[in-house]
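*Asks:* Structure file my_file-v9.txt (compact mmCIF, C-alpha atoms) right here:
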```txt
# COMPACT_ATOMS: atom_id res chain seq x y z
CA MET P 1 -46.53 154.87 17.48
CA ASP P 2 -46.62 151.40 16.19
CA ASP P 3 -49.49 149.28 17.06
CA GLU P 4 -47.98 146.08 18.29
CA VAL P 5 -50.05 143.08 18.73
CA ARG P 6 -48.72 140.81 21.33
CA GLU P 7 -49.84 137.28 21.47
CA VAL P 8 -50.36 136.02 24.89
CA VAL P 9 -49.33 132.41 25.33
CA THR P 10 -51.00 130.70 28.16
CA PRO P 11 -49.38 127.63 29.62
CA PRO P 12 -51.33 124.37 29.22
CA SER P 13 -53.57 123.59 32.09
CA ARG P 14 -52.84 120.66 34.37
CA THR P 15 -55.67 118.57 32.84
CA GLN P 16 -54.24 119.07 29.35
CA LYS P 17 -50.83 117.85 30.54
CA ASP P 18 -52.39 114.84 32.28
CA THR P 19 -54.40 113.98 29.17
CA SER P 20 -51.36 114.15 26.86
CA LEU P 21 -49.26 112.07 29.28
CA GLY P 22 -52.08 109.53 29.56
CA TYR P 23 -52.41 109.34 25.78
CA GLU P 24 -48.65 108.93 25.37
CA LEU P 25 -48.63 106.15 27.97
CA TYR P 26 -51.54 104.47 26.16
CA LEU P 27 -49.63 104.58 22.85
CA ASN P 28 -46.51 103.13 24.47
CA VAL P 29 -48.42 100.30 26.14
CA ARG P 30 -50.28 99.53 22.91
CA THR P 31 -46.99 99.35 21.00
CA LEU P 32 -45.44 97.11 23.65
CA VAL P 33 -48.43 94.74 23.57
CA PHE P 34 -48.27 94.58 19.76
CA VAL P 35 -44.52 93.81 19.80
CA LEU P 36 -44.95 91.12 22.48
CA ALA P 37 -47.83 89.50 20.57
CA ALA P 38 -45.74 89.49 17.38
CA LEU P 39 -42.78 87.91 19.20
CA ILE P 40 -44.99 85.24 20.74
CA LEU P 41 -46.42 84.37 17.31
CA VAL P 42 -42.95 84.26 15.72
CA PHE P 43 -41.49 82.10 18.49
CA THR P 44 -44.49 79.77 18.45
CA PHE P 45 -45.05 79.19 14.74
CA VAL P 46 -41.94 80.36 12.85
CA VAL P 47 -38.80 79.74 14.92
CA ARG P 48 -37.93 78.42 18.36
CA ILE P 49 -34.84 78.41 20.50
CA ILE P 50 -34.21 74.95 21.92
CA VAL P 51 -31.42 73.82 24.24
CA VAL P 52 -29.70 70.50 23.53
CA SER P 53 -29.97 68.04 26.41
CA GLY P 54 -27.60 65.08 26.33
CA GLU P 55 -24.70 63.77 24.28
CA SER P 56 -26.54 61.96 21.48
CA MET P 57 -25.60 64.51 18.79
CA GLU P 58 -21.88 64.91 19.63
CA ASN P 59 -19.69 66.08 17.92
CA THR P 60 -22.17 68.12 15.87
CA LEU P 61 -23.99 69.50 18.94
CA GLN P 62 -22.92 69.64 22.57
CA ASN P 63 -25.00 69.30 25.72
CA GLY P 64 -26.29 72.80 26.58
CA ASP P 65 -26.01 74.30 23.06
CA SER P 66 -28.86 76.70 22.25
CA MET P 67 -30.15 76.19 18.70
CA LEU P 68 -32.40 78.22 16.44
CA VAL P 69 -35.04 75.84 15.03
CA TRP P 70 -37.08 76.71 11.91
CA CYS P 71 -40.68 75.45 12.25
CA LEU P 72 -42.86 77.16 9.63
CA GLY P 73 -43.64 74.93 6.64
CA TYR P 74 -40.73 72.56 7.28
CA GLU P 75 -40.72 69.20 5.47
CA PRO P 76 -38.09 66.72 6.77
CA LYS P 77 -35.24 65.91 4.39
CA GLN P 78 -32.54 63.29 4.65
CA GLY P 79 -29.48 64.65 6.47
CA ASP P 80 -31.29 67.45 8.33
CA VAL P 81 -30.87 67.86 12.09
CA VAL P 82 -34.39 67.96 13.50
CA VAL P 83 -36.17 68.42 16.81
CA VAL P 84 -38.94 65.88 17.41
CA THR P 85 -41.26 64.77 20.17
CA GLN P 86 -41.93 61.13 20.96
CA ARG P 87 -44.21 60.95 23.99
CA SER P 88 -43.97 57.15 24.11
CA TYR P 89 -40.31 57.61 25.07
CA GLN P 90 -40.08 60.91 27.00
CA ASN P 91 -41.86 64.24 27.39
CA ASP P 92 -38.85 66.35 26.37
CA SER P 93 -38.01 66.90 22.73
CA LEU P 94 -35.26 64.91 21.00
CA VAL P 95 -32.60 66.27 18.64
CA LYS P 96 -31.63 63.79 15.92
CA ARG P 97 -30.52 63.55 12.28
CA VAL P 98 -32.94 62.41 9.57
CA ILE P 99 -31.54 59.23 8.05
CA ALA P 100 -34.48 58.31 5.81
CA THR P 101 -37.92 59.60 4.87
CA GLU P 102 -41.13 57.80 3.91
CA GLY P 103 -40.74 54.89 1.50
CA GLN P 104 -36.97 54.57 1.95
CA ARG P 105 -35.41 51.35 3.28
CA VAL P 106 -32.82 51.55 6.08
CA ASP P 107 -30.33 48.75 6.74
CA ILE P 108 -27.74 48.97 9.50
CA ASP P 109 -24.57 46.85 9.41
CA TYR P 110 -22.96 46.98 12.86
CA GLU P 111 -19.92 44.94 11.76
CA THR P 112 -18.84 47.66 9.33
CA SER P 113 -20.54 50.53 11.18
CA THR P 114 -22.42 51.42 8.00
CA VAL P 115 -25.94 52.70 7.43
CA TYR P 116 -27.53 51.96 4.06
CA VAL P 117 -30.52 53.81 2.65
CA ASP P 118 -32.12 52.12 -0.37
CA GLY P 119 -28.98 49.98 -0.68
CA VAL P 120 -26.56 52.92 -0.81
CA ALA P 121 -24.07 53.40 2.03
CA LEU P 122 -24.34 56.84 3.63
CA GLU P 123 -21.25 59.02 3.85
CA GLU P 124 -21.40 60.24 7.42
CA PRO P 125 -18.42 62.45 8.33
CA TYR P 126 -20.47 63.87 11.22
CA ILE P 127 -20.66 60.69 13.35
CA LYS P 128 -18.57 60.66 16.52
CA GLU P 129 -17.17 57.12 16.31
CA ALA P 130 -17.71 53.67 14.82
CA MET P 131 -21.10 52.24 15.69
CA GLN P 132 -21.47 49.33 18.10
CA ILE P 133 -24.49 47.11 18.74
CA PRO P 134 -26.66 49.02 21.24
CA ILE P 135 -27.04 47.67 24.77
CA TYR P 136 -30.73 46.99 24.05
CA GLY P 137 -29.80 44.71 21.14
CA GLU P 138 -29.86 45.55 17.47
CA GLY P 139 -33.33 47.01 17.82
CA VAL P 140 -34.75 48.20 14.53
CA ASN P 141 -32.03 47.75 11.92
CA HIS P 142 -33.91 46.74 8.76
CA VAL P 143 -36.97 48.89 8.12
CA THR P 144 -38.89 50.48 5.31
CA VAL P 145 -40.04 53.85 6.59
CA PRO P 146 -43.87 54.06 6.54
CA GLU P 147 -45.77 56.88 4.87
CA GLY P 148 -45.75 60.09 6.91
CA CYS P 149 -42.75 59.02 9.02
CA ILE P 150 -38.98 59.50 9.26
CA PHE P 151 -36.14 57.35 10.59
CA VAL P 152 -33.73 59.31 12.83
CA MET P 153 -30.40 58.62 14.52
CA GLY P 154 -28.04 60.59 16.72
CA ASP P 155 -24.55 61.46 15.47
CA ASN P 156 -23.13 59.86 18.61
CA ARG P 157 -24.50 56.44 17.65
CA ASN P 158 -23.19 54.67 20.75
CA ASP P 159 -24.97 57.04 23.13
CA SER P 160 -28.21 57.74 21.28
CA ALA P 161 -31.75 56.54 21.85
CA ASP P 162 -33.19 56.93 18.35
CA SER P 163 -35.27 55.08 15.74
CA ARG P 164 -33.27 51.89 16.43
CA TYR P 165 -34.67 51.87 19.95
CA PRO P 166 -37.98 49.93 20.13
CA ASP P 167 -39.67 52.52 22.40
CA ILE P 168 -38.95 55.27 19.86
CA GLY P 169 -39.04 53.64 16.42
CA VAL P 170 -39.90 55.69 13.35
CA ILE P 171 -41.16 59.22 14.03
CA ASP P 172 -44.46 60.51 12.68
CA THR P 173 -43.75 63.72 10.72
CA ARG P 174 -46.52 65.42 12.73
CA CYS P 175 -44.17 65.09 15.73
CA VAL P 176 -41.40 67.06 14.01
CA ILE P 177 -41.08 70.49 15.63
CA GLY P 178 -38.64 71.79 13.04
CA ARG P 179 -35.13 71.85 11.58
CA ALA P 180 -32.15 73.08 13.59
CA VAL P 181 -30.54 75.79 11.46
CA MET P 182 -27.82 77.18 13.72
CA VAL P 183 -26.18 77.03 17.11
CA LEU P 184 -26.61 80.41 18.82
CA PHE P 185 -24.96 79.90 22.19
CA PRO P 186 -22.33 79.44 23.56
CA PHE P 187 -20.76 81.88 21.13
CA GLN P 188 -17.65 79.76 20.57
CA ASP P 189 -19.94 77.01 19.17
CA PHE P 190 -21.86 79.41 16.83
CA THR P 191 -22.32 77.64 13.50
CA LEU P 192 -24.85 76.97 10.75
CA LEU P 193 -26.13 73.41 10.65
```
The structure given in the file should be rewritten as structure tokens.

*Replies:*
Amino acid sequence: MDDEVREVVTPPSRTQKDTSLGYELYLNVRTLVFVLAALILVFTFVVRIIVVSGESMENTLQNGDSMLVWCLGYEPKQGDVVVVTQRSYQNDSLVKRVIATEGQRVDIDYETSTVYVDGVALEEPYIKEAMQIPIYGEGVNHVTVPEGCIFVMGDNRNDSADSRYPDIGVIDTRCVIGRAVMVLFPFQDFTLL
């Protein structure tokens, strides 16, 4: 006769099940809170998604386009499409193109529809049409950009309130939210900027 040793397995008690379910729920909630906190930090300090409002950047950007904007450590450069705030004009952000940075001189010739930076005519294949004198007059059209500022214009020059407009003027670089890097939506407009 063989001596068999049988192990008796007892099912976990109800309190053990409740404790393990509670611990599992705690771990899931903790993970969810961590992921949400990380996303909030990323979308506050690193990148943002901003929707274009208006026609001032046509044909580069359309009204309603959703853009990914890089914020972390961005320094404005000539030619970049940027998102800025200018509370003296409006509470919403503005999307414009950097024409000149601090120390550069901007001259606008409306007769030839040409923008000069430090005496050199800009090649601007992105503008929608030939520039006309704005309805508010020539505004700012000869300026040396002060330290810590940028001069911006929309690509749709005839329908753009920008640095030429007296209520906007040059933009303090501290008011630059970031650089638009791509159009995300609608999908047919997806492109790198």

*Asks:* How far is it from CA of Gly73 (chain P) to CA of Cys175 (chain P), in Å with one decimal?

*Replies:*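 Separation between CA of Gly73 (chain P) and CA of Cys175 (chain P): 13.4 Å.
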
*Asks:* From the options P:Gln78, P:Ser53, P:Thr191, P:Ser113, which residue's atoms come nearest to Ile150 (chain P), counting only C-alpha atoms?

*Replies:*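 Of P:Gln78, P:Ser53, P:Thr191, P:Ser113, the one nearest Ile150 (chain P), counting only C-alpha atoms, is P:Gln78.
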
*Asks:* Would you tabulate, counting only C-alpha atoms, all residues of region 95-182 of chain P that have an atom at most 10 Å from an atom of region 31-47 of chain P, showing the closest pair of atoms and their distance in Å to one decimal, sorted by chain then ascending number, as a Markdown table?

*Replies:*
```
| residue | atom | partner | partner_atom | distance |
| --- | --- | --- | --- | --- |
| P:Ile177 | CA | P:Val47 | CA | 9.6 |
| P:Gly178 | CA | P:Val47 | CA | 8.2 |
| P:Arg179 | CA | P:Val47 | CA | 9.3 |
| P:Ala180 | CA | P:Val47 | CA | 9.5 |
| P:Val181 | CA | P:Val47 | CA | 9.8 |
```

*Asks:* Determine, counting only C-alpha atoms, which protein, DNA and RNA residues have an atom within 12 Å of an atom of Gly119 (chain P); residues of the same chain fewer than 3 positions away are not included. Present the result as a JSON list (two decimals) with C-alpha atoms, in the frame of the given file.

*Replies:*
```json
[["chain", "number", "residue", "atom", "x", "y", "z"],
["P", 100, "ALA", "CA", -34.48, 58.31, 5.81],
["P", 104, "GLN", "CA", -36.97, 54.57, 1.95],
["P", 105, "ARG", "CA", -35.41, 51.35, 3.28],
["P", 106, "VAL", "CA", -32.82, 51.55, 6.08],
["P", 107, "ASP", "CA", -30.33, 48.75, 6.74],
["P", 108, "ILE", "CA", -27.74, 48.97, 9.50],
["P", 109, "ASP", "CA", -24.57, 46.85, 9.41],
["P", 114, "THR", "CA", -22.42, 51.42, 8.00],
["P", 115, "VAL", "CA", -25.94, 52.70, 7.43],
["P", 116, "TYR", "CA", -27.53, 51.96, 4.06],
["P", 122, "LEU", "CA", -24.34, 56.84, 3.63],
["P", 142, "HIS", "CA", -33.91, 46.74, 8.76],
["P", 143, "VAL", "CA", -36.97, 48.89, 8.12],
["P", 144, "THR", "CA", -38.89, 50.48, 5.31]]
```

*Asks:* Set the distance at 8 Å and use all atoms listed in the file: which residues neighbour region 153-164 of chain P once local chain neighbours fewer than 6 positions away are removed? I'd like the list as a list of chain:residue names.

*Replies:* P:Glu55, P:Ser56, P:Met57, P:Glu58, P:Asn59, P:Thr60, P:Val95, P:Lys96, P:Arg97, P:Val98, P:Ile99, P:Tyr126, P:Ile127, P:Lys128, P:Glu129, P:Ala130, P:Met131, P:Gln132, P:Ile133, P:Pro134, P:Glu138, P:Gly139, P:Val140, P:Asn141, P:Val170, P:Ile171

*Asks:* Please indicate the distance in Å from CA of Ile168 (chain P) to CA of Tyr89 (chain P), rounded to one decimal place.

*Replies:*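 Result for CA of Ile168 (chain P) versus CA of Tyr89 (chain P): 5.9 Å, one decimal.
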
*Asks:* Just the number, please: distance in Å from CA of Leu72 (chain P) to CA of Val29 (chain P), one decimal.

*Replies:*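 Between CA of Leu72 (chain P) and CA of Val29 (chain P) the gap works out to 29.0 Å.
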
*Asks:* Name the residues in contact with Ser66 (chain P) at a cut-off of 12 Å, using only C-alpha atoms, excluding same-chain residues fewer than 6 positions from it; report them as a PyMOL selection string.

*Replies:* chain P and resi 48-53+95+180-191

*Asks:* Write out the residues from the selection above, keeping C-alpha atoms, as a PDB file, in the frame of the given file.

*Replies:*
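Dumped everything to out-v1.pdb:
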```pdb
ATOM      1  CA  ARG P  48     -37.930  78.420  18.360  1.00  0.00           C
ATOM      2  CA  ILE P  49     -34.840  78.410  20.500  1.00  0.00           C
ATOM      3  CA  ILE P  50     -34.210  74.950  21.920  1.00  0.00           C
ATOM      4  CA  VAL P  51     -31.420  73.820  24.240  1.00  0.00           C
ATOM      5  CA  VAL P  52     -29.700  70.500  23.530  1.00  0.00           C
ATOM      6  CA  SER P  53     -29.970  68.040  26.410  1.00  0.00           C
ATOM      7  CA  VAL P  95     -32.600  66.270  18.640  1.00  0.00           C
ATOM      8  CA  ALA P 180     -32.150  73.080  13.590  1.00  0.00           C
ATOM      9  CA  VAL P 181     -30.540  75.790  11.460  1.00  0.00           C
ATOM     10  CA  MET P 182     -27.820  77.180  13.720  1.00  0.00           C
ATOM     11  CA  VAL P 183     -26.180  77.030  17.110  1.00  0.00           C
ATOM     12  CA  LEU P 184     -26.610  80.410  18.820  1.00  0.00           C
ATOM     13  CA  PHE P 185     -24.960  79.900  22.190  1.00  0.00           C
ATOM     14  CA  PRO P 186     -22.330  79.440  23.560  1.00  0.00           C
ATOM     15  CA  PHE P 187     -20.760  81.880  21.130  1.00  0.00           C
ATOM     16  CA  GLN P 188     -17.650  79.760  20.570  1.00  0.00           C
ATOM     17  CA  ASP P 189     -19.940  77.010  19.170  1.00  0.00           C
ATOM     18  CA  PHE P 190     -21.860  79.410  16.830  1.00  0.00           C
ATOM     19  CA  THR P 191     -22.320  77.640  13.500  1.00  0.00           C
TER      20      THR P 191
END
```

*Asks:* The centre and edge lengths of an axis-aligned box containing all atoms of region 68-87 of chain P present in the file, extended by 6 Å on each side, are to be given in Å to one decimal, as AutoDock Vina command-line options.

*Replies:*
```
--center_x -36.8 --center_y 69.6 --center_z 14.2 --size_x 26.7 --size_y 29.3 --size_z 31.6
```

*Asks:* Using all atoms listed in the file - which residues lie no farther than 8 Å from the point (-44.3, 54.0, 12.3) in the file's frame? Write them as a PyMOL selection string.

*Replies:* chain P and resi 145-146+149+169-172

*Asks:* Which of these residues is nearest to Val117 (chain P), using only C-alpha atoms: P:Gly64, P:Glu102, P:Ser93, P:Tyr26?

*Replies:* P:Glu102
